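Visitor: My questions all concern the structure below.
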Amino acid sequence: MYNELPRPVYGHAIGPTWRSIGERTYRYFDSISLEWTSINPLAYANAGEAKPFCSLVLSIGVKPCSLVYDAAVGAAAAVREILAEAGFPDIEVAFVESVVTRSVAAGPKLLPFDPLLDEVPDLRKPFTPALGLSIAPLKYPHFEGTAALYFRLGDDDKRTAVLTCAYVARPPPVYANTGMTRENASQPREEVVALGNMGYTNAVKAMMSTIDDLVCSIKVWNSVLDRLGEPVQGEPRRVTERRQEHVDLVAKATQTIEEANAIHDEVTKRRVTPDQRVIVFVLHSEKIEVSLYEDKIDWPTFKGNKVYVGGSLSIADFGNTMYPQPVDRANYQYPQDGLLQAYGVVQDDEMRNPQHPDAHGEKCLLVVKNSSTTGTTVGRTNGLESFTRINDEYGIQTTSIEIAVLPYKARGKFSGRGDSGSVVLARDGRIVGILTGGAGSAGETDITYLTPYWWVEQQIKAKYPGCFLYEVVQ
């Protein structure tokens, strides 16, 4: 049995006219009241095989239970006619049930973060300013997203701003208009917290789960030590070695429990309520940024715009996944302490014509991100845009043109609810885009969407001409 996986499309002849074809397609769907959710131009290959068995198919997402068979046949025929008129009569059309969702899910400073020295960096990270920080509006902490990048607003402006999605800072269900600019100090501040309800609960649960697992392990290791007994002169070398191994395991686990308990005590005593976790306020909103309270970060330990690629992705995993071809590793070095520096921008031309060889030697754009919900994940971008349509429960309809990120090497989904706003980087640290949402069957994400950063940067510069990415921190 074959496992069919979506693959990105690069260099296809449809590229120059795809956007107009896609727009014509969704306008046709609107004209017949077809409840579409996404239009994804994808290739498909069997798992483990280098070449796709299908070089391009239009995968049309529709609202579950909204499209009967006869209507699907008629709509597919109309789309094939649009494709044929554009010179592509052989491209197939498929309808799948799919839902597109936005991935939103006066206190002390954020904790410092140093993966090299921290005993439990994965447990500590959610409460630090490391990229991938979970954020939510103070008044509505159940609407959660992720902070993307830190900016300086200008050479003469010492304020630090944080980039995220507009609907993370000002969710449409409670803000009729997501646009807003804070012009003066007398204007009320719309404050944003580090970790919304779900993010905080999940972070605390992770600590307790880790402690419980270690306690169970210590019991097993102590049982082994009881069986090995006290040291006896002349005992076999292997008995001595095994005893020392288990003594070290118990000592290491005990130390980890102490560190986890210390973090747990800190965050459950001083960061329980959302108002204790306020870190920023909304400065300007139209897919732009929020501004930091400067005293919420321990600046001497601040790492700047670095993404933690450790945790669920080991040193070997990162190298083997992002640099799978030996010839491609000539100048490769694992990011120091697992922190990948964000710098530079992947431009539109490279997104359409990438040069990273994948595991099969095929050219693609490999990307990585770390976010509040799904942690460190990898994927590869598509070379053709996707069209998405969201009709939410509040009657707000949004149509967008996005870049799709597809799963890579069966490593699971790239994102989940609560990950909106995360920065997505190329393997060398250049900025690819800002994560905006995903599509899949109800409750799942099979395809992730992002807004390309080259476009976002243009919008930021138009509002704040003197702004620049926060300085590289050594």
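The way I read the labels, and the way they are meant: chains A, B, ... in the order of the structure tokens, residue 1 as the first residue of every chain, and ligand 1 as the first ligand shown, with later ones counted on from there.
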Just want the 12 Å neighbourhood of Lys219 (chain A), counted on only C-alpha atoms, with same-chain residues fewer than 6 positions away dropped. Output as a list of chain:residue names.

Guide: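 Returned residues: A:Asp212, A:Asp213, A:Leu225, A:Asp226, A:His246, A:Val247, A:Leu249, A:Val250, A:Ala253, A:Thr254.
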
Visitor: Kindly export the residues of the current selection with all heavy atoms, as a JSON list (two decimals), in the first residue's frame.

Guide:
[["chain", "number", "residue", "atom", "x", "y", "z"],
["A", 212, "ASP", "N", 6.77, 13.85, 36.92],
["A", 212, "ASP", "CA", 6.18, 12.53, 37.18],
["A", 212, "ASP", "C", 6.96, 11.43, 36.48],
["A", 212, "ASP", "O", 7.21, 10.35, 37.06],
["A", 212, "ASP", "CB", 4.72, 12.51, 36.70],
["A", 212, "ASP", "CG", 3.81, 13.35, 37.57],
["A", 212, "ASP", "OD1", 4.23, 13.70, 38.70],
["A", 212, "ASP", "OD2", 2.69, 13.68, 37.12],
["A", 213, "ASP", "N", 7.36, 11.68, 35.22],
["A", 213, "ASP", "CA", 8.13, 10.67, 34.47],
["A", 213, "ASP", "C", 9.47, 10.39, 35.14],
["A", 213, "ASP", "O", 9.92, 9.23, 35.23],
["A", 213, "ASP", "CB", 8.35, 11.13, 33.03],
["A", 213, "ASP", "CG", 7.07, 11.13, 32.21],
["A", 213, "ASP", "OD1", 6.08, 10.53, 32.67],
["A", 213, "ASP", "OD2", 7.06, 11.75, 31.13],
["A", 225, "LEU", "N", 19.71, -0.50, 41.58],
["A", 225, "LEU", "CA", 20.81, -0.31, 42.55],
["A", 225, "LEU", "C", 20.66, -1.27, 43.73],
["A", 225, "LEU", "O", 21.66, -1.81, 44.24],
["A", 225, "LEU", "CB", 20.85, 1.13, 43.03],
["A", 225, "LEU", "CG", 21.34, 2.16, 41.99],
["A", 225, "LEU", "CD1", 21.15, 3.58, 42.51],
["A", 225, "LEU", "CD2", 22.81, 1.92, 41.67],
["A", 226, "ASP", "N", 19.43, -1.49, 44.18],
["A", 226, "ASP", "CA", 19.20, -2.45, 45.26],
["A", 226, "ASP", "C", 19.64, -3.85, 44.85],
["A", 226, "ASP", "O", 20.24, -4.60, 45.64],
["A", 226, "ASP", "CB", 17.72, -2.47, 45.65],
["A", 226, "ASP", "CG", 17.29, -1.20, 46.36],
["A", 226, "ASP", "OD1", 18.18, -0.48, 46.88],
["A", 226, "ASP", "OD2", 16.08, -0.91, 46.39],
["A", 246, "HIS", "N", 23.85, 3.97, 37.07],
["A", 246, "HIS", "CA", 22.53, 4.20, 37.65],
["A", 246, "HIS", "C", 22.59, 5.24, 38.77],
["A", 246, "HIS", "O", 21.63, 5.98, 38.98],
["A", 246, "HIS", "CB", 21.94, 2.88, 38.14],
["A", 246, "HIS", "CG", 21.41, 2.03, 37.03],
["A", 246, "HIS", "ND1", 22.23, 1.29, 36.22],
["A", 246, "HIS", "CD2", 20.13, 1.84, 36.56],
["A", 246, "HIS", "CE1", 21.50, 0.65, 35.32],
["A", 246, "HIS", "NE2", 20.23, 0.97, 35.50],
["A", 247, "VAL", "N", 23.71, 5.31, 39.48],
["A", 247, "VAL", "CA", 23.87, 6.38, 40.47],
["A", 247, "VAL", "C", 23.85, 7.73, 39.76],
["A", 247, "VAL", "O", 23.20, 8.69, 40.21],
["A", 247, "VAL", "CB", 25.19, 6.21, 41.25],
["A", 247, "VAL", "CG1", 25.52, 7.48, 42.04],
["A", 247, "VAL", "CG2", 25.10, 5.02, 42.20],
["A", 249, "LEU", "N", 22.47, 8.38, 36.83],
["A", 249, "LEU", "CA", 21.13, 8.62, 36.31],
["A", 249, "LEU", "C", 20.20, 9.19, 37.38],
["A", 249, "LEU", "O", 19.46, 10.14, 37.15],
["A", 249, "LEU", "CB", 20.53, 7.32, 35.75],
["A", 249, "LEU", "CG", 21.08, 6.82, 34.41],
["A", 249, "LEU", "CD1", 20.56, 5.42, 34.11],
["A", 249, "LEU", "CD2", 20.69, 7.78, 33.29],
["A", 250, "VAL", "N", 20.26, 8.61, 38.57],
["A", 250, "VAL", "CA", 19.43, 9.10, 39.68],
["A", 250, "VAL", "C", 19.80, 10.53, 40.05],
["A", 250, "VAL", "O", 18.94, 11.38, 40.26],
["A", 250, "VAL", "CB", 19.55, 8.16, 40.90],
["A", 250, "VAL", "CG1", 18.88, 8.79, 42.12],
["A", 250, "VAL", "CG2", 18.95, 6.81, 40.60],
["A", 253, "ALA", "N", 18.60, 12.94, 37.26],
["A", 253, "ALA", "CA", 17.14, 13.09, 37.29],
["A", 253, "ALA", "C", 16.70, 13.91, 38.50],
["A", 253, "ALA", "O", 15.79, 14.74, 38.40],
["A", 253, "ALA", "CB", 16.47, 11.72, 37.31],
["A", 254, "THR", "N", 17.34, 13.70, 39.64],
["A", 254, "THR", "CA", 17.01, 14.45, 40.85],
["A", 254, "THR", "C", 17.28, 15.94, 40.65],
["A", 254, "THR", "O", 16.48, 16.80, 41.04],
["A", 254, "THR", "CB", 17.82, 13.92, 42.05],
["A", 254, "THR", "OG1", 17.53, 12.53, 42.24],
["A", 254, "THR", "CG2", 17.47, 14.69, 43.32]]

Visitor: Which residues are close to Tyr334 (chain A), i.e. within 9 Å by only C-alpha atoms, leaving aside same-chain residues fewer than 6 positions away? Reply as a PyMOL selection string.

Guide: chain A and resi 315+318-319+340

Visitor: Could you write out that same residue set with all heavy atoms as an mmCIF file, in the first residue's frame?

Guide:
data_model
loop_
_atom_site.group_PDB
_atom_site.id
_atom_site.type_symbol
_atom_site.label_atom_id
_atom_site.label_comp_id
_atom_site.auth_asym_id
_atom_site.auth_seq_id
_atom_site.Cartn_x
_atom_site.Cartn_y
_atom_site.Cartn_z
ATOM 1 N N ILE A 315 20.437 17.338 17.388
ATOM 2 C CA ILE A 315 21.514 17.868 16.541
ATOM 3 C C ILE A 315 21.613 17.064 15.254
ATOM 4 O O ILE A 315 21.711 17.621 14.156
ATOM 5 C CB ILE A 315 22.852 17.851 17.313
ATOM 6 C CG1 ILE A 315 22.794 18.834 18.492
ATOM 7 C CG2 ILE A 315 24.013 18.181 16.386
ATOM 8 C CD1 ILE A 315 24.012 18.793 19.384
ATOM 9 N N PHE A 318 18.528 17.699 12.922
ATOM 10 C CA PHE A 318 18.560 18.968 12.194
ATOM 11 C C PHE A 318 19.466 18.855 10.973
ATOM 12 O O PHE A 318 19.081 19.250 9.863
ATOM 13 C CB PHE A 318 19.046 20.096 13.105
ATOM 14 C CG PHE A 318 18.990 21.454 12.451
ATOM 15 C CD1 PHE A 318 17.809 22.175 12.422
ATOM 16 C CD2 PHE A 318 20.113 22.011 11.852
ATOM 17 C CE1 PHE A 318 17.737 23.423 11.808
ATOM 18 C CE2 PHE A 318 20.066 23.259 11.240
ATOM 19 C CZ PHE A 318 18.866 23.962 11.222
ATOM 20 N N GLY A 319 20.666 18.311 11.153
ATOM 21 C CA GLY A 319 21.586 18.175 10.030
ATOM 22 C C GLY A 319 21.069 17.244 8.958
ATOM 23 O O GLY A 319 21.107 17.562 7.762
ATOM 24 N N LEU A 340 19.152 29.378 16.084
ATOM 25 C CA LEU A 340 19.362 29.780 14.692
ATOM 26 C C LEU A 340 19.068 31.273 14.544
ATOM 27 O O LEU A 340 17.943 31.719 14.761
ATOM 28 C CB LEU A 340 18.449 28.962 13.780
ATOM 29 C CG LEU A 340 18.553 29.217 12.270
ATOM 30 C CD1 LEU A 340 19.956 28.899 11.767
ATOM 31 C CD2 LEU A 340 17.517 28.388 11.511
#

Visitor: Separation of CA of Phe151 (chain A) and CA of Tyr470 (chain A), in Å?

Guide: 4.7 Å

Visitor: Looking only at the backbone, which of the residues in region 260-467 of chain A does DSSP tag as helix (DSSP H, G or I), as a PyMOL selection string?

Guide: chain A and resi 260-270+274-277+294-296+299-301+315-322+326-329+336-338+348-352+453-463

Visitor: When DSSP is applied to the backbone of this structure, which of region 252-472 of chain A are assigned strand (DSSP E or B)? Write them out as a count of residues only.

Guide: 75

Visitor: Which value, in Å to one decimal, gives the distance between CA of Phe113 (chain A) and CA of Thr146 (chain A)?

Guide: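 CA of Phe113 (chain A) sits 17.3 Å away from CA of Thr146 (chain A).
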
Visitor: List as a list in words the protein and nucleic acid residues near region 131-135 of chain A, meaning an atom at most 7 Å away when only C-alpha atoms are counted, but skip any in the same chain fewer than 5 places from it.

Guide: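 The residues that qualify are Pro126, Glu144, Gly145, Thr146, Ala147, Ala148, Leu149, Val192, Val193, Ala194, Leu195, Gly196, Gly199, Asn305, Lys306, Val307, Asn370, Ser371, Ser372 and Ser422 of chain A.
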
Visitor: Store the residues picked out above, limited to N, CA, C and O atoms, as a PDB file, in the first residue's frame.

Guide:
ATOM      1  N   PRO A 126       8.968  28.502  27.252  1.00  0.00           N
ATOM      2  CA  PRO A 126       7.708  29.230  27.113  1.00  0.00           C
ATOM      3  C   PRO A 126       7.618  30.521  27.931  1.00  0.00           C
ATOM      4  O   PRO A 126       6.802  31.387  27.605  1.00  0.00           O
ATOM      5  N   GLU A 144      -5.140  32.997  21.192  1.00  0.00           N
ATOM      6  CA  GLU A 144      -3.677  32.925  21.326  1.00  0.00           C
ATOM      7  C   GLU A 144      -2.977  32.847  19.982  1.00  0.00           C
ATOM      8  O   GLU A 144      -3.504  32.295  19.026  1.00  0.00           O
ATOM      9  N   GLY A 145      -1.780  33.401  19.931  1.00  0.00           N
ATOM     10  CA  GLY A 145      -0.935  33.336  18.751  1.00  0.00           C
ATOM     11  C   GLY A 145       0.520  33.343  19.176  1.00  0.00           C
ATOM     12  O   GLY A 145       0.845  33.001  20.310  1.00  0.00           O
ATOM     13  N   THR A 146       1.401  33.780  18.271  1.00  0.00           N
ATOM     14  CA  THR A 146       2.835  33.692  18.522  1.00  0.00           C
ATOM     15  C   THR A 146       3.533  34.968  18.060  1.00  0.00           C
ATOM     16  O   THR A 146       3.174  35.544  17.035  1.00  0.00           O
ATOM     17  N   ALA A 147       4.544  35.417  18.822  1.00  0.00           N
ATOM     18  CA  ALA A 147       5.373  36.559  18.434  1.00  0.00           C
ATOM     19  C   ALA A 147       6.404  36.111  17.404  1.00  0.00           C
ATOM     20  O   ALA A 147       6.984  35.030  17.529  1.00  0.00           O
ATOM     21  N   ALA A 148       6.622  36.939  16.368  1.00  0.00           N
ATOM     22  CA  ALA A 148       7.483  36.520  15.256  1.00  0.00           C
ATOM     23  C   ALA A 148       8.917  37.032  15.384  1.00  0.00           C
ATOM     24  O   ALA A 148       9.857  36.252  15.482  1.00  0.00           O
ATOM     25  N   LEU A 149       9.103  38.365  15.366  1.00  0.00           N
ATOM     26  CA  LEU A 149      10.439  38.963  15.314  1.00  0.00           C
ATOM     27  C   LEU A 149      10.484  40.231  16.150  1.00  0.00           C
ATOM     28  O   LEU A 149       9.468  40.902  16.345  1.00  0.00           O
ATOM     29  N   VAL A 192      -0.963  43.134  25.847  1.00  0.00           N
ATOM     30  CA  VAL A 192      -0.811  41.763  25.379  1.00  0.00           C
ATOM     31  C   VAL A 192       0.030  40.995  26.391  1.00  0.00           C
ATOM     32  O   VAL A 192       1.003  41.533  26.936  1.00  0.00           O
ATOM     33  N   VAL A 193      -0.343  39.735  26.631  1.00  0.00           N
ATOM     34  CA  VAL A 193       0.338  38.935  27.649  1.00  0.00           C
ATOM     35  C   VAL A 193       1.202  37.853  27.007  1.00  0.00           C
ATOM     36  O   VAL A 193       0.966  37.416  25.878  1.00  0.00           O
ATOM     37  N   ALA A 194       2.217  37.435  27.743  1.00  0.00           N
ATOM     38  CA  ALA A 194       3.003  36.261  27.380  1.00  0.00           C
ATOM     39  C   ALA A 194       2.257  35.035  27.891  1.00  0.00           C
ATOM     40  O   ALA A 194       2.006  34.922  29.092  1.00  0.00           O
ATOM     41  N   LEU A 195       1.877  34.160  26.981  1.00  0.00           N
ATOM     42  CA  LEU A 195       1.122  32.944  27.284  1.00  0.00           C
ATOM     43  C   LEU A 195      -0.340  33.254  27.601  1.00  0.00           C
ATOM     44  O   LEU A 195      -0.654  33.835  28.633  1.00  0.00           O
ATOM     45  N   GLY A 196      -1.214  32.874  26.677  1.00  0.00           N
ATOM     46  CA  GLY A 196      -2.644  32.938  26.943  1.00  0.00           C
ATOM     47  C   GLY A 196      -3.061  31.771  27.806  1.00  0.00           C
ATOM     48  O   GLY A 196      -2.221  31.057  28.377  1.00  0.00           O
ATOM     49  N   GLY A 199      -1.688  28.335  26.417  1.00  0.00           N
ATOM     50  CA  GLY A 199      -0.234  28.274  26.473  1.00  0.00           C
ATOM     51  C   GLY A 199       0.284  28.106  27.885  1.00  0.00           C
ATOM     52  O   GLY A 199       1.198  27.304  28.145  1.00  0.00           O
ATOM     53  N   ASN A 305      16.833  37.934  17.869  1.00  0.00           N
ATOM     54  CA  ASN A 305      16.012  37.172  16.918  1.00  0.00           C
ATOM     55  C   ASN A 305      16.653  35.833  16.587  1.00  0.00           C
ATOM     56  O   ASN A 305      17.216  35.620  15.502  1.00  0.00           O
ATOM     57  N   LYS A 306      16.578  34.921  17.540  1.00  0.00           N
ATOM     58  CA  LYS A 306      17.105  33.575  17.338  1.00  0.00           C
ATOM     59  C   LYS A 306      16.000  32.561  17.609  1.00  0.00           C
ATOM     60  O   LYS A 306      15.255  32.693  18.574  1.00  0.00           O
ATOM     61  N   VAL A 307      15.905  31.577  16.731  1.00  0.00           N
ATOM     62  CA  VAL A 307      14.905  30.523  16.872  1.00  0.00           C
ATOM     63  C   VAL A 307      15.565  29.284  17.458  1.00  0.00           C
ATOM     64  O   VAL A 307      16.598  28.821  16.947  1.00  0.00           O
ATOM     65  N   ASN A 370       9.913  27.490  15.320  1.00  0.00           N
ATOM     66  CA  ASN A 370       9.617  27.049  16.680  1.00  0.00           C
ATOM     67  C   ASN A 370       8.469  27.905  17.176  1.00  0.00           C
ATOM     68  O   ASN A 370       8.522  29.138  17.104  1.00  0.00           O
ATOM     69  N   SER A 371       7.419  27.265  17.659  1.00  0.00           N
ATOM     70  CA  SER A 371       6.220  27.996  18.054  1.00  0.00           C
ATOM     71  C   SER A 371       5.672  27.446  19.357  1.00  0.00           C
ATOM     72  O   SER A 371       6.120  26.422  19.866  1.00  0.00           O
ATOM     73  N   SER A 372       4.679  28.143  19.874  1.00  0.00           N
ATOM     74  CA  SER A 372       4.179  27.836  21.203  1.00  0.00           C
ATOM     75  C   SER A 372       3.440  26.514  21.277  1.00  0.00           C
ATOM     76  O   SER A 372       3.490  25.825  22.292  1.00  0.00           O
ATOM     77  N   SER A 422       4.115  33.017  14.138  1.00  0.00           N
ATOM     78  CA  SER A 422       5.469  32.461  14.228  1.00  0.00           C
ATOM     79  C   SER A 422       6.289  32.831  13.002  1.00  0.00           C
ATOM     80  O   SER A 422       5.775  32.840  11.880  1.00  0.00           O
TER      81      SER A 422
END

Visitor: In terms of the shortest atom-to-atom distance over only C-alpha atoms, which of A:Lys296, A:Arg430, A:Arg352, A:His284 is closest to Tyr464 (chain A)?

Guide: A:His284
